[in-house]
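Structure file input-v6.pdb (PDB, C-alpha atoms and all ligand atoms) follows.
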```pdb
ATOM      1  CA  MET T  88      10.100  -0.897  14.658
ATOM      2  CA  GLY T  89       9.393   0.203  18.144
ATOM      3  CA  SER T  90      10.394  -1.164  21.469
ATOM      4  CA  GLN T  91       7.992  -2.952  23.788
ATOM      5  CA  ASN T  92       9.782  -3.398  27.065
ATOM      6  CA  SER T  93       6.958  -5.610  28.258
ATOM      7  CA  ARG T  94       7.816  -8.291  25.685
ATOM      8  CA  PRO T  95       7.892 -11.615  27.488
ATOM      9  CA  GLY T  96      11.357 -12.985  28.001
ATOM     10  CA  LYS T  97      13.006  -9.834  26.663
ATOM     11  CA  VAL T  98      15.876  -8.662  28.798
ATOM     12  CA  LEU T  99      16.926  -5.035  28.478
ATOM     13  CA  PRO T 100      20.473  -4.782  27.143
ATOM     14  CA  VAL T 101      23.130  -3.917  29.683
ATOM     15  CA  ILE T 102      24.842  -0.747  28.556
ATOM     16  CA  ASN T 103      28.569  -1.093  28.674
ATOM     17  CA  GLU T 104      29.743   2.078  30.380
ATOM     18  CA  SER T 105      33.347   1.326  29.471
ATOM     19  CA  LEU T 106      32.707   1.851  25.751
ATOM     20  CA  ASP T 107      35.587   3.737  24.172
ATOM     21  CA  SER T 108      35.414   7.481  23.674
ATOM     22  CA  GLU T 109      34.682   7.196  19.940
ATOM     23  CA  ALA T 110      31.552   5.155  20.653
ATOM     24  CA  HIS T 111      30.524   7.704  23.281
ATOM     25  CA  GLU T 112      30.715  10.451  20.642
ATOM     26  CA  GLN T 113      28.510   8.492  18.258
ATOM     27  CA  PHE T 114      25.848   7.681  20.842
ATOM     28  CA  ARG T 115      24.176   9.182  23.848
ATOM     29  CA  TYR T 116      22.835   7.062  26.732
ATOM     30  CA  LEU T 117      19.676   7.891  28.672
ATOM     31  CA  LEU T 118      18.084   5.646  31.309
ATOM     32  CA  GLY T 119      20.047   2.688  30.024
ATOM     33  CA  ARG T 120      19.007   3.126  26.372
ATOM     34  CA  ARG T 121      21.268   4.150  23.475
ATOM     35  CA  PHE T 122      20.366   7.120  21.214
ATOM     36  CA  HIS T 123      22.015   8.962  18.309
ATOM     37  CA  ASN T 124      24.194  11.902  19.314
ATOM     38  CA  VAL T 125      23.465  14.410  16.523
ATOM     39  CA  SER T 126      22.534  17.715  18.093
ATOM     40  CA  ASP T 127      20.128  19.208  15.507
ATOM     41  CA  ILE T 128      18.202  15.975  14.820
ATOM     42  CA  THR T 129      14.907  15.646  16.661
ATOM     43  CA  TYR T 130      14.532  11.856  16.145
ATOM     44  CA  ASP T 131      14.169  10.626  19.719
ATOM     45  CA  LEU T 132      13.788   6.843  19.625
ATOM     46  CA  PRO T 133      16.628   4.601  20.806
ATOM     47  CA  ASN T 134      18.884   2.829  18.301
ATOM     48  CA  ASP T 135      20.008  -0.001  20.559
ATOM     49  CA  GLU T 136      19.310  -3.687  20.144
ATOM     50  CA  ASP T 137      16.147  -3.497  22.201
ATOM     51  CA  GLU T 138      14.689  -1.141  19.591
ATOM     52  CA  THR T 139      15.458  -3.381  16.634
ATOM     53  CA  PRO T 140      15.931  -6.835  18.173
ATOM     54  CA  GLN T 141      14.453  -8.915  15.413
ATOM     55  CA  LEU T 142      16.048  -7.067  12.514
ATOM     56  CA  GLU T 143      19.473  -7.943  13.886
ATOM     57  CA  GLU T 144      18.477 -11.552  13.302
ATOM     58  CA  ARG T 145      17.208 -13.037  10.022
ATOM     59  CA  CYS T 146      13.934 -11.294   9.323
ATOM     60  CA  ASN T 147      11.786 -11.071   6.228
ATOM     61  CA  VAL T 148      10.700  -7.483   5.718
ATOM     62  CA  LEU T 149       8.233  -6.003   3.208
ATOM     63  CA  ASP T 150       7.947  -2.338   2.243
ATOM     64  CA  VAL T 151       4.584  -1.687   0.572
ATOM     65  CA  GLY T 152       4.505   1.169  -1.986
ATOM     66  CA  CYS T 153       8.277   1.420  -1.749
ATOM     67  CA  GLY T 154       8.643   4.118  -4.443
ATOM     68  CA  PRO T 155      12.332   4.452  -5.365
ATOM     69  CA  GLY T 156      13.202   2.019  -2.569
ATOM     70  CA  THR T 157      14.947   4.498  -0.277
ATOM     71  CA  TRP T 158      13.637   3.033   2.991
ATOM     72  CA  ALA T 159      14.202  -0.595   1.987
ATOM     73  CA  ILE T 160      17.755   0.096   0.779
ATOM     74  CA  GLU T 161      18.738   2.047   3.900
ATOM     75  CA  MET T 162      17.313  -0.668   6.142
ATOM     76  CA  ALA T 163      18.953  -3.433   4.100
ATOM     77  CA  MET T 164      22.312  -1.708   4.531
ATOM     78  CA  ASN T 165      21.797  -1.394   8.288
ATOM     79  CA  TYR T 166      20.493  -4.942   8.846
ATOM     80  CA  GLU T 167      22.535  -7.183   6.613
ATOM     81  CA  LYS T 168      21.220 -10.449   8.015
ATOM     82  CA  SER T 169      17.595  -9.602   7.186
ATOM     83  CA  SER T 170      15.974  -9.805   3.738
ATOM     84  CA  PHE T 171      13.965  -6.914   2.355
ATOM     85  CA  ILE T 172      11.370  -6.776  -0.423
ATOM     86  CA  GLY T 173       9.937  -3.541  -1.783
ATOM     87  CA  ILE T 174       6.772  -3.616  -3.859
ATOM     88  CA  ASP T 175       5.374  -0.787  -5.959
ATOM     89  CA  ILE T 176       2.910  -0.356  -8.815
ATOM     90  CA  SER T 177       5.532   1.688 -10.701
ATOM     91  CA  PRO T 178       8.936   0.079 -11.228
ATOM     92  CA  ILE T 179      10.915   3.157 -10.212
ATOM     93  CA  PHE T 180      13.213   1.205  -7.890
ATOM     94  CA  PRO T 181      16.764   0.106  -8.772
ATOM     95  CA  MET T 182      17.064  -3.448 -10.118
ATOM     96  CA  GLU T 183      20.838  -3.714 -10.278
ATOM     97  CA  ILE T 184      22.682  -1.255  -8.044
ATOM     98  CA  LYS T 185      21.370  -2.187  -4.597
ATOM     99  CA  PRO T 186      22.395  -4.276  -1.598
ATOM    100  CA  ASN T 187      22.118  -8.056  -2.152
ATOM    101  CA  ASN T 188      19.591  -8.457   0.650
ATOM    102  CA  VAL T 189      16.950  -6.237  -0.992
ATOM    103  CA  ASN T 190      14.736  -7.097  -3.959
ATOM    104  CA  PHE T 191      11.999  -5.156  -5.639
ATOM    105  CA  GLU T 192       8.779  -6.317  -7.246
ATOM    106  CA  GLU T 193       6.271  -4.559  -9.459
ATOM    107  CA  GLY T 194       2.741  -5.074  -8.189
ATOM    108  CA  ASN T 195      -0.604  -3.456  -7.457
ATOM    109  CA  ILE T 196      -1.728  -3.895  -3.852
ATOM    110  CA  MET T 197      -5.332  -3.823  -5.086
ATOM    111  CA  ASP T 198      -4.668  -7.143  -6.847
ATOM    112  CA  GLY T 199      -3.258  -8.610  -3.639
ATOM    113  CA  ILE T 200       0.313  -8.770  -2.354
ATOM    114  CA  PRO T 201       1.885 -11.667  -4.276
ATOM    115  CA  HIS T 202       3.120 -13.474  -1.154
ATOM    116  CA  PRO T 203       1.516 -16.165   1.003
ATOM    117  CA  ASP T 204      -0.201 -15.439   4.337
ATOM    118  CA  GLU T 205       2.136 -14.740   7.274
ATOM    119  CA  SER T 206       5.345 -14.483   5.225
ATOM    120  CA  PHE T 207       6.902 -11.371   6.799
ATOM    121  CA  ASP T 208       8.274 -10.560  10.253
ATOM    122  CA  PHE T 209       7.869  -6.858   9.585
ATOM    123  CA  VAL T 210       5.647  -5.011   7.087
ATOM    124  CA  HIS T 211       6.166  -1.289   6.590
ATOM    125  CA  MET T 212       4.068   1.166   4.590
ATOM    126  CA  ARG T 213       4.709   4.905   4.420
ATOM    127  CA  TYR T 214       3.115   7.990   2.839
ATOM    128  CA  MET T 215       0.344   6.148   1.010
ATOM    129  CA  PHE T 216      -2.724   8.151   2.121
ATOM    130  CA  PRO T 217      -3.599   9.579  -1.307
ATOM    131  CA  SER T 218      -3.091   6.226  -3.027
ATOM    132  CA  PHE T 219      -6.366   4.648  -1.921
ATOM    133  CA  THR T 220      -9.986   5.614  -1.345
ATOM    134  CA  GLN T 221     -11.306   5.305   2.198
ATOM    135  CA  SER T 222     -13.209   2.135   1.245
ATOM    136  CA  GLN T 223     -10.081   0.639  -0.335
ATOM    137  CA  TRP T 224      -8.198   1.300   2.926
ATOM    138  CA  GLU T 225     -10.970  -0.386   4.899
ATOM    139  CA  GLU T 226     -11.838  -3.272   2.611
ATOM    140  CA  ILE T 227      -8.626  -4.177   0.788
ATOM    141  CA  VAL T 228      -5.423  -2.477   1.930
ATOM    142  CA  MET T 229      -5.553  -3.224   5.653
ATOM    143  CA  ASN T 230      -6.595  -6.848   5.129
ATOM    144  CA  GLU T 231      -3.852  -7.372   2.589
ATOM    145  CA  ILE T 232      -0.975  -5.849   4.550
ATOM    146  CA  VAL T 233      -2.048  -7.575   7.775
ATOM    147  CA  ARG T 234      -2.520 -10.919   5.976
ATOM    148  CA  VAL T 235       1.172 -11.153   5.065
ATOM    149  CA  VAL T 236       2.476 -10.318   8.594
ATOM    150  CA  LYS T 237       3.423 -13.382  10.654
ATOM    151  CA  ILE T 238       1.669 -13.860  13.997
ATOM    152  CA  GLY T 239       4.123 -12.221  16.403
ATOM    153  CA  GLY T 240       5.506 -10.048  13.578
ATOM    154  CA  TRP T 241       5.153  -6.273  13.335
ATOM    155  CA  LEU T 242       3.200  -3.827  11.187
ATOM    156  CA  GLU T 243       4.283  -0.181  10.935
ATOM    157  CA  LEU T 244       2.396   2.565   9.096
ATOM    158  CA  CYS T 245       3.589   6.131   8.719
ATOM    159  CA  GLU T 246       1.636   9.086   7.285
ATOM    160  CA  TYR T 247       1.660  12.869   7.164
ATOM    161  CA  GLU T 248      -1.001  14.380   9.416
ATOM    162  CA  LEU T 249      -1.225  18.151   9.453
ATOM    163  CA  CYS T 250       0.554  21.234   8.223
ATOM    164  CA  GLN T 251       1.281  23.680  11.036
ATOM    165  CA  ASP T 252       2.046  27.370  10.566
ATOM    166  CA  CYS T 253       1.347  27.387   6.848
ATOM    167  CA  GLY T 254       1.375  30.659   4.971
ATOM    168  CA  PRO T 255      -1.849  31.689   3.163
ATOM    169  CA  VAL T 256      -0.719  30.574  -0.291
ATOM    170  CA  LEU T 257       0.337  27.110   0.888
ATOM    171  CA  GLU T 258      -2.919  26.914   2.826
ATOM    172  CA  ASN T 259      -4.788  27.608  -0.451
ATOM    173  CA  LEU T 260      -2.937  24.867  -2.296
ATOM    174  CA  LEU T 261      -3.458  22.383   0.542
ATOM    175  CA  SER T 262      -7.202  23.139   0.813
ATOM    176  CA  ALA T 263      -7.625  22.656  -2.935
ATOM    177  CA  ARG T 264      -5.758  19.365  -2.667
ATOM    178  CA  ARG T 265      -7.994  18.260   0.225
ATOM    179  CA  GLU T 266     -11.104  19.181  -1.758
ATOM    180  CA  MET T 267      -9.828  17.219  -4.760
ATOM    181  CA  LEU T 268      -9.075  14.123  -2.668
ATOM    182  CA  ILE T 269     -12.483  14.207  -0.943
ATOM    183  CA  LYS T 270     -14.241  14.546  -4.309
ATOM    184  CA  GLU T 271     -12.447  11.407  -5.472
ATOM    185  CA  GLY T 272     -13.453   9.432  -2.369
ATOM    186  CA  ARG T 273      -9.989   9.666  -0.847
ATOM    187  CA  ASN T 274      -9.641  10.659   2.797
ATOM    188  CA  PRO T 275      -6.988  13.367   3.326
ATOM    189  CA  ASP T 276      -7.170  12.611   7.056
ATOM    190  CA  VAL T 277      -6.383   8.908   6.867
ATOM    191  CA  ALA T 278      -3.596   9.541   9.368
ATOM    192  CA  GLN T 279      -6.240  10.205  11.994
ATOM    193  CA  ILE T 280      -7.983   6.852  11.542
ATOM    194  CA  ILE T 281      -5.032   4.495  11.077
ATOM    195  CA  GLY T 282      -5.108   3.393  14.720
ATOM    196  CA  LYS T 283      -8.781   2.486  14.293
ATOM    197  CA  LEU T 284      -8.121   0.723  10.984
ATOM    198  CA  MET T 285      -5.457  -1.371  12.699
ATOM    199  CA  ARG T 286      -7.689  -2.148  15.681
ATOM    200  CA  ASP T 287     -10.610  -3.081  13.402
ATOM    201  CA  THR T 288      -8.576  -5.952  11.921
ATOM    202  CA  GLN T 289      -8.700  -7.484  15.445
ATOM    203  CA  HIS T 290      -5.061  -8.491  15.072
ATOM    204  CA  PHE T 291      -3.573  -5.764  17.265
ATOM    205  CA  ASP T 292      -4.011  -4.885  20.950
ATOM    206  CA  ASP T 293      -1.240  -2.508  21.963
ATOM    207  CA  ILE T 294      -0.861  -0.054  19.116
ATOM    208  CA  CYS T 295       1.938   2.472  19.627
ATOM    209  CA  HIS T 296       1.440   5.908  18.099
ATOM    210  CA  LYS T 297       4.235   8.479  17.828
ATOM    211  CA  THR T 298       4.111  11.881  16.184
ATOM    212  CA  LYS T 299       7.007  13.928  14.933
ATOM    213  CA  GLU T 300       7.382  17.500  13.709
ATOM    214  CA  VAL T 301       9.046  17.715  10.296
ATOM    215  CA  PRO T 302      10.250  21.276   9.651
ATOM    216  CA  ILE T 303       9.941  22.639   6.132
ATOM    217  CA  GLY T 304      12.418  25.267   4.982
ATOM    218  CA  SER T 305      15.973  26.432   5.578
ATOM    219  CA  TRP T 306      14.823  28.168   8.807
ATOM    220  CA  ALA T 307      15.326  24.740  10.392
ATOM    221  CA  GLY T 308      18.769  24.039   8.914
ATOM    222  CA  LYS T 309      19.675  20.990   6.855
ATOM    223  CA  ILE T 310      16.754  18.868   7.993
ATOM    224  CA  GLY T 311      14.370  21.689   7.011
ATOM    225  CA  GLU T 312      15.992  21.840   3.559
ATOM    226  CA  VAL T 313      15.378  18.112   3.090
ATOM    227  CA  GLY T 314      11.732  18.585   4.185
ATOM    228  CA  ARG T 315      11.385  21.575   1.832
ATOM    229  CA  ASP T 316      12.793  19.644  -1.161
ATOM    230  CA  ASN T 317      10.470  16.767  -0.405
ATOM    231  CA  ILE T 318       7.400  19.048  -0.330
ATOM    232  CA  ILE T 319       8.501  20.831  -3.522
ATOM    233  CA  THR T 320       8.784  17.449  -5.283
ATOM    234  CA  ARG T 321       5.244  16.607  -4.104
ATOM    235  CA  MET T 322       3.865  19.999  -5.227
ATOM    236  CA  ILE T 323       5.425  19.513  -8.682
ATOM    237  CA  GLY T 324       4.081  15.945  -8.787
ATOM    238  CA  ILE T 325       0.461  16.919  -8.100
ATOM    239  CA  LYS T 326       0.496  19.909 -10.470
ATOM    240  CA  PRO T 327      -0.958  18.056 -13.528
ATOM    241  CA  ALA T 328      -4.009  17.019 -11.469
ATOM    242  CA  LEU T 329      -4.316  20.012  -9.139
ATOM    243  CA  SER T 330      -3.933  22.975 -11.524
ATOM    244  CA  PRO T 331      -6.906  21.937 -13.732
ATOM    245  CA  PHE T 332      -8.909  21.123 -10.580
ATOM    246  CA  MET T 333      -8.191  24.652  -9.315
ATOM    247  CA  ASN T 334      -8.966  25.979 -12.761
ATOM    248  CA  ILE T 335      -5.657  27.845 -12.960
ATOM    249  CA  SER T 336      -2.958  27.880 -15.638
ATOM    250  CA  SER T 337       0.352  26.127 -15.336
ATOM    251  CA  GLU T 338       2.034  29.530 -14.864
ATOM    252  CA  GLN T 339      -0.392  30.539 -12.107
ATOM    253  CA  TYR T 340       0.270  27.243 -10.330
ATOM    254  CA  ASP T 341       4.043  27.776 -10.560
ATOM    255  CA  GLU T 342       3.616  31.257  -9.139
ATOM    256  CA  MET T 343       1.602  29.918  -6.175
ATOM    257  CA  MET T 344       4.183  27.235  -5.624
ATOM    258  CA  GLN T 345       6.995  29.797  -5.634
ATOM    259  CA  LYS T 346       5.107  31.968  -3.121
ATOM    260  CA  SER T 347       4.483  29.038  -0.809
ATOM    261  CA  ILE T 348       8.172  28.155  -0.872
ATOM    262  CA  GLU T 349       8.950  31.716   0.232
ATOM    263  CA  GLU T 350       6.369  31.372   3.015
ATOM    264  CA  PHE T 351       8.103  28.331   4.542
ATOM    265  CA  ASN T 352      10.761  30.485   6.176
ATOM    266  CA  GLU T 353       8.485  33.400   6.948
ATOM    267  CA  TYR T 354       5.939  31.239   8.823
ATOM    268  CA  LYS T 355       8.358  28.535  10.057
ATOM    269  CA  THR T 356       6.165  25.836   8.575
ATOM    270  CA  PHE T 357       6.278  22.235   9.680
ATOM    271  CA  PHE T 358       4.297  19.073   9.118
ATOM    272  CA  ILE T 359       3.317  16.500  11.693
ATOM    273  CA  THR T 360       3.999  12.918  10.738
ATOM    274  CA  SER T 361       2.525  10.015  12.613
ATOM    275  CA  ARG T 362       3.550   6.419  12.840
ATOM    276  CA  TRP T 363       1.736   3.458  14.314
ATOM    277  CA  TYR T 364       3.248   0.104  15.042
ATOM    278  CA  ALA T 365       2.034  -3.036  16.688
ATOM    279  CA  LYS T 366       2.709  -6.709  17.033
ATOM    280  CA  LYS T 367       0.264  -9.026  15.254
ATOM    281  CA  LYS T 368      -1.628 -11.540  17.315
ATOM    282  CA  ALA T 369      -3.966 -14.290  16.205
ATOM    283  CA  LYS T 370      -7.432 -12.876  15.499
ATOM    284  CA  ASN T 371     -10.023 -12.963  18.274
ATOM    285  CA  THR T 372     -12.433 -15.726  17.434
ATOM    286  CA  THR T 373     -14.840 -15.150  20.322
TER
HETATM  287  C1  LIG J   1       4.165   9.007  -1.909
HETATM  288  S1  LIG J   1       4.949   7.593  -2.537
HETATM  289  C2  LIG J   1       5.691   6.900  -1.094
HETATM  290  C3  LIG J   1       6.934   6.117  -1.433
HETATM  291  C4  LIG J   1       7.653   5.475  -0.243
HETATM  292  N1  LIG J   1       6.754   4.692   0.593
HETATM  293  C5  LIG J   1       8.372   6.500   0.600
HETATM  294  O1  LIG J   1       8.111   6.575   1.798
HETATM  295  O2  LIG J   1       9.205   7.227   0.056
HETATM  296  C6  LIG J   1       3.584   6.491  -2.834
HETATM  297  C7  LIG J   1       4.001   5.248  -3.617
HETATM  298  O3  LIG J   1       2.916   4.329  -3.647
HETATM  299  C8  LIG J   1       2.878   3.684  -4.896
HETATM  300  N2  LIG J   1       1.522   3.151  -5.086
HETATM  301  C9  LIG J   1       0.374   3.851  -5.218
HETATM  302  N3  LIG J   1      -0.667   3.021  -5.371
HETATM  303  C10 LIG J   1      -0.174   1.755  -5.349
HETATM  304  C11 LIG J   1      -0.769   0.472  -5.472
HETATM  305  N4  LIG J   1      -2.074   0.325  -5.668
HETATM  306  N5  LIG J   1       0.036  -0.612  -5.393
HETATM  307  C12 LIG J   1       1.369  -0.479  -5.210
HETATM  308  N6  LIG J   1       1.990   0.719  -5.086
HETATM  309  C13 LIG J   1       1.219   1.823  -5.167
HETATM  310  C14 LIG J   1       3.259   4.801  -5.860
HETATM  311  O4  LIG J   1       3.717   4.290  -7.100
HETATM  312  C15 LIG J   1       4.355   5.524  -5.072
HETATM  313  O5  LIG J   1       5.633   5.023  -5.375
END
```

Re-express the file's structure as structure tokens.
Amino acid sequence: MGSQNSRPGKVLPVINESLDSEAHEQFRYLLGRRFHNVSDITYDLPNDEDETPQLEERCNVLDVGCGPGTWAIEMAMNYEKSSFIGIDISPIFPMEIKPNNVNFEEGNIMDGIPHPDESFDFVHMRYMFPSFTQSQWEEIVMNEIVRVVKIGGWLELCEYELCQDCGPVLENLLSARREMLIKEGRNPDVAQIIGKLMRDTQHFDDICHKTKEVPIGSWAGKIGEVGRDNIITRMIGIKPALSPFMNISSEQYDEMMQKSIEEFNEYKTFFITSRWYAKKKAKNTT
């Protein structure tokens, strides 16, 4: 959740310059805000209380399309006073080994989120662009996720935008994937219209948009290896749909995948991710 320094009544935290040396090693301070102090990590938003004021209190948080529940579990561990719910159409989340303040539910967003209007202080949804057709985004998904945010609560959406510096084989796979999505009525460029989708609900005025480069491949160190493994998992996941669409055999697909993995380091590939967040207001009635 992002910081809005213009929030009425919000006083910027006073940074205690006499923090002990251990705390100074963990954090870096710039212009009165606290940041992580890990040199090869590009994440550049503060981690102080102004950044996450409400989550330090007792918030109800929903993660839509939570998958294995990674985000919800990490957040639940960081914000013990808040309660987290993850919802996904496939019950691939843990039901037993998890923090007490996170619960998971099986559910299809298309049937409606099984919670009353305005039940959550913060609703988060990430990497869902291929899950819905453009008309589903416009007519169902946005209404549903906004419906369950409290007035004064926050909505945050995060999606992959573009691949930069792709090698030719990866480019081939990505174009085929785009073509397949378009044919099925899904918009591969949803990331570029999310701001508009949020604005069209008439519940958001000041929508913050931040982009981030996510390096893919060991050329970028550990973070690049994580990005690479994530993309490989996705490429394996879409193989059953994409290889017949491309009219190639399973072996040919594997060969293309292997070549694109080799290209990551050669071309220093990275993806751009985008996130949008905004505070919900009552709908304009005029
Ligand atoms: C690419 S994964 C993203 C998982 C998670 N948000 C993350 O950031 O790791 C997309 C998830 O959306 C879920 N999903 C797709 N369509 C859905 C629907 N109609 N209702 C609920 N979940 C859905 C899938 O089961 C999958 O777990």

**OP:** Write as a PyMOL selection string the residues around ligand LIG 1 (chain J), taking 7 Å as the cut-off and counting all atoms listed in the file.
**Re:** chain T and resi 151-158+174-177+194-197+212-215+218-219

**OP:** Return the single residue from T:Gly308, T:Pro133, T:Gly314, T:Pro186 that is closest to T:Glu161, with distances computed using only C-alpha atoms.
**Re:**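 The answer is T:Pro186, which sits nearest to T:Glu161.
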
Original post:
Nearest to T:Asp287 among T:Met343, T:Ala328, T:Pro275, T:Trp224, with distances taken over all atoms listed in the file: which residue is it?
Top reply: T:Trp224

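Distances here use all atoms listed in the file; by that measure, the residue among T:Tyr116, T:Phe291, T:Phe216, T:Tyr340 closest to T:Val233 is T:Phe291.
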
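Using only C-alpha atoms, the nearest neighbour of T:Leu284 within the list T:Ser262, T:Gln339, T:Ser222, T:Ser330 is T:Ser222.
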
Original post:
What do you get, as a PyMOL selection string, if you spell out every residue that the PyMOL selection byres (((chain T and resi 139-150) around 6) and not hetatm) selects here?
Top reply: chain T and resi 136-138+151+153+166+168-173+207-212

**OP:** Could you tell me which residues the PyMOL selection byres (((chain T and resi 264) around 12) and not hetatm) returns for this structure, as an MDAnalysis selection string?
**Re:** chainID T and resid 217 257:263 265:271 273:276 321:322 325:333

Using C-alpha atoms, can you export the residues from the last selection as a PDB file, keeping the file's coordinate frame?
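Here's the written file part.pdb:
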```pdb
ATOM      1  CA  PRO T 217      -3.599   9.579  -1.307  1.00  0.00           C
ATOM      2  CA  LEU T 257       0.337  27.110   0.888  1.00  0.00           C
ATOM      3  CA  GLU T 258      -2.919  26.914   2.826  1.00  0.00           C
ATOM      4  CA  ASN T 259      -4.788  27.608  -0.451  1.00  0.00           C
ATOM      5  CA  LEU T 260      -2.937  24.867  -2.296  1.00  0.00           C
ATOM      6  CA  LEU T 261      -3.458  22.383   0.542  1.00  0.00           C
ATOM      7  CA  SER T 262      -7.202  23.139   0.813  1.00  0.00           C
ATOM      8  CA  ALA T 263      -7.625  22.656  -2.935  1.00  0.00           C
ATOM      9  CA  ARG T 265      -7.994  18.260   0.225  1.00  0.00           C
ATOM     10  CA  GLU T 266     -11.104  19.181  -1.758  1.00  0.00           C
ATOM     11  CA  MET T 267      -9.828  17.219  -4.760  1.00  0.00           C
ATOM     12  CA  LEU T 268      -9.075  14.123  -2.668  1.00  0.00           C
ATOM     13  CA  ILE T 269     -12.483  14.207  -0.943  1.00  0.00           C
ATOM     14  CA  LYS T 270     -14.241  14.546  -4.309  1.00  0.00           C
ATOM     15  CA  GLU T 271     -12.447  11.407  -5.472  1.00  0.00           C
ATOM     16  CA  ARG T 273      -9.989   9.666  -0.847  1.00  0.00           C
ATOM     17  CA  ASN T 274      -9.641  10.659   2.797  1.00  0.00           C
ATOM     18  CA  PRO T 275      -6.988  13.367   3.326  1.00  0.00           C
ATOM     19  CA  ASP T 276      -7.170  12.611   7.056  1.00  0.00           C
ATOM     20  CA  ARG T 321       5.244  16.607  -4.104  1.00  0.00           C
ATOM     21  CA  MET T 322       3.865  19.999  -5.227  1.00  0.00           C
ATOM     22  CA  ILE T 325       0.461  16.919  -8.100  1.00  0.00           C
ATOM     23  CA  LYS T 326       0.496  19.909 -10.470  1.00  0.00           C
ATOM     24  CA  PRO T 327      -0.958  18.056 -13.528  1.00  0.00           C
ATOM     25  CA  ALA T 328      -4.009  17.019 -11.469  1.00  0.00           C
ATOM     26  CA  LEU T 329      -4.316  20.012  -9.139  1.00  0.00           C
ATOM     27  CA  SER T 330      -3.933  22.975 -11.524  1.00  0.00           C
ATOM     28  CA  PRO T 331      -6.906  21.937 -13.732  1.00  0.00           C
ATOM     29  CA  PHE T 332      -8.909  21.123 -10.580  1.00  0.00           C
ATOM     30  CA  MET T 333      -8.191  24.652  -9.315  1.00  0.00           C
TER      31      MET T 333
END
```

**OP:** Mind giving me the straight-line distance from atom CA of T:Ser361 to atom CA of T:Glu349 in Å, one decimal?
**Re:** 25.8 Å

**OP:** Give the answer as one residue: which of T:Glu225, T:Glu353, T:Asp204, T:Glu183 has the shortest atom-to-atom distance to T:Ala307, using only C-alpha atoms?
**Re:**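 Closest candidate: T:Glu353.
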
Subject >> For T:Gly240: contacts at 6 Å, all atoms listed in the file, fewer than 2 positions along chain excluded, given as a list in words >> reply: Asp208, Phe209, Val236, Lys237, Ile238, Lys366 and Lys367 of chain T

Original post:
In terms of the shortest atom-to-atom distance over all atoms listed in the file, which of T:His123, T:His296, T:Lys309, T:Arg286 is closest to T:Glu246?
Top reply: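 The answer is T:His296, which sits nearest to T:Glu246.
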
Subject >> Non-local contacts of T:Gly304 (12 Å; only C-alpha atoms; under 3 positions in same chain excluded) as a list of chain:residue names >> reply: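 Residues near the query, excluding close chain neighbours: T:Asp252, T:Cys253, T:Val301, T:Ala307, T:Gly308, T:Lys309, T:Ile310, T:Gly311, T:Glu312, T:Val313, T:Gly314, T:Arg315, T:Asp316, T:Asn317, T:Ile318, T:Ile319, T:Ser347, T:Ile348, T:Glu349, T:Glu350, T:Phe351, T:Asn352, T:Glu353, T:Tyr354, T:Lys355, T:Thr356, T:Phe357, T:Phe358.
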
How would the residues just picked look written out with C-alpha atoms as a JSON list (two decimals), keeping the file's coordinate frame?
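After the write, result.json holds the following:
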```json
[["chain", "number", "residue", "atom", "x", "y", "z"],
["T", 252, "ASP", "CA", 2.05, 27.37, 10.57],
["T", 253, "CYS", "CA", 1.35, 27.39, 6.85],
["T", 301, "VAL", "CA", 9.05, 17.72, 10.30],
["T", 307, "ALA", "CA", 15.33, 24.74, 10.39],
["T", 308, "GLY", "CA", 18.77, 24.04, 8.91],
["T", 309, "LYS", "CA", 19.68, 20.99, 6.86],
["T", 310, "ILE", "CA", 16.75, 18.87, 7.99],
["T", 311, "GLY", "CA", 14.37, 21.69, 7.01],
["T", 312, "GLU", "CA", 15.99, 21.84, 3.56],
["T", 313, "VAL", "CA", 15.38, 18.11, 3.09],
["T", 314, "GLY", "CA", 11.73, 18.58, 4.18],
["T", 315, "ARG", "CA", 11.38, 21.58, 1.83],
["T", 316, "ASP", "CA", 12.79, 19.64, -1.16],
["T", 317, "ASN", "CA", 10.47, 16.77, -0.40],
["T", 318, "ILE", "CA", 7.40, 19.05, -0.33],
["T", 319, "ILE", "CA", 8.50, 20.83, -3.52],
["T", 347, "SER", "CA", 4.48, 29.04, -0.81],
["T", 348, "ILE", "CA", 8.17, 28.16, -0.87],
["T", 349, "GLU", "CA", 8.95, 31.72, 0.23],
["T", 350, "GLU", "CA", 6.37, 31.37, 3.02],
["T", 351, "PHE", "CA", 8.10, 28.33, 4.54],
["T", 352, "ASN", "CA", 10.76, 30.48, 6.18],
["T", 353, "GLU", "CA", 8.48, 33.40, 6.95],
["T", 354, "TYR", "CA", 5.94, 31.24, 8.82],
["T", 355, "LYS", "CA", 8.36, 28.54, 10.06],
["T", 356, "THR", "CA", 6.16, 25.84, 8.57],
["T", 357, "PHE", "CA", 6.28, 22.24, 9.68],
["T", 358, "PHE", "CA", 4.30, 19.07, 9.12]]
```
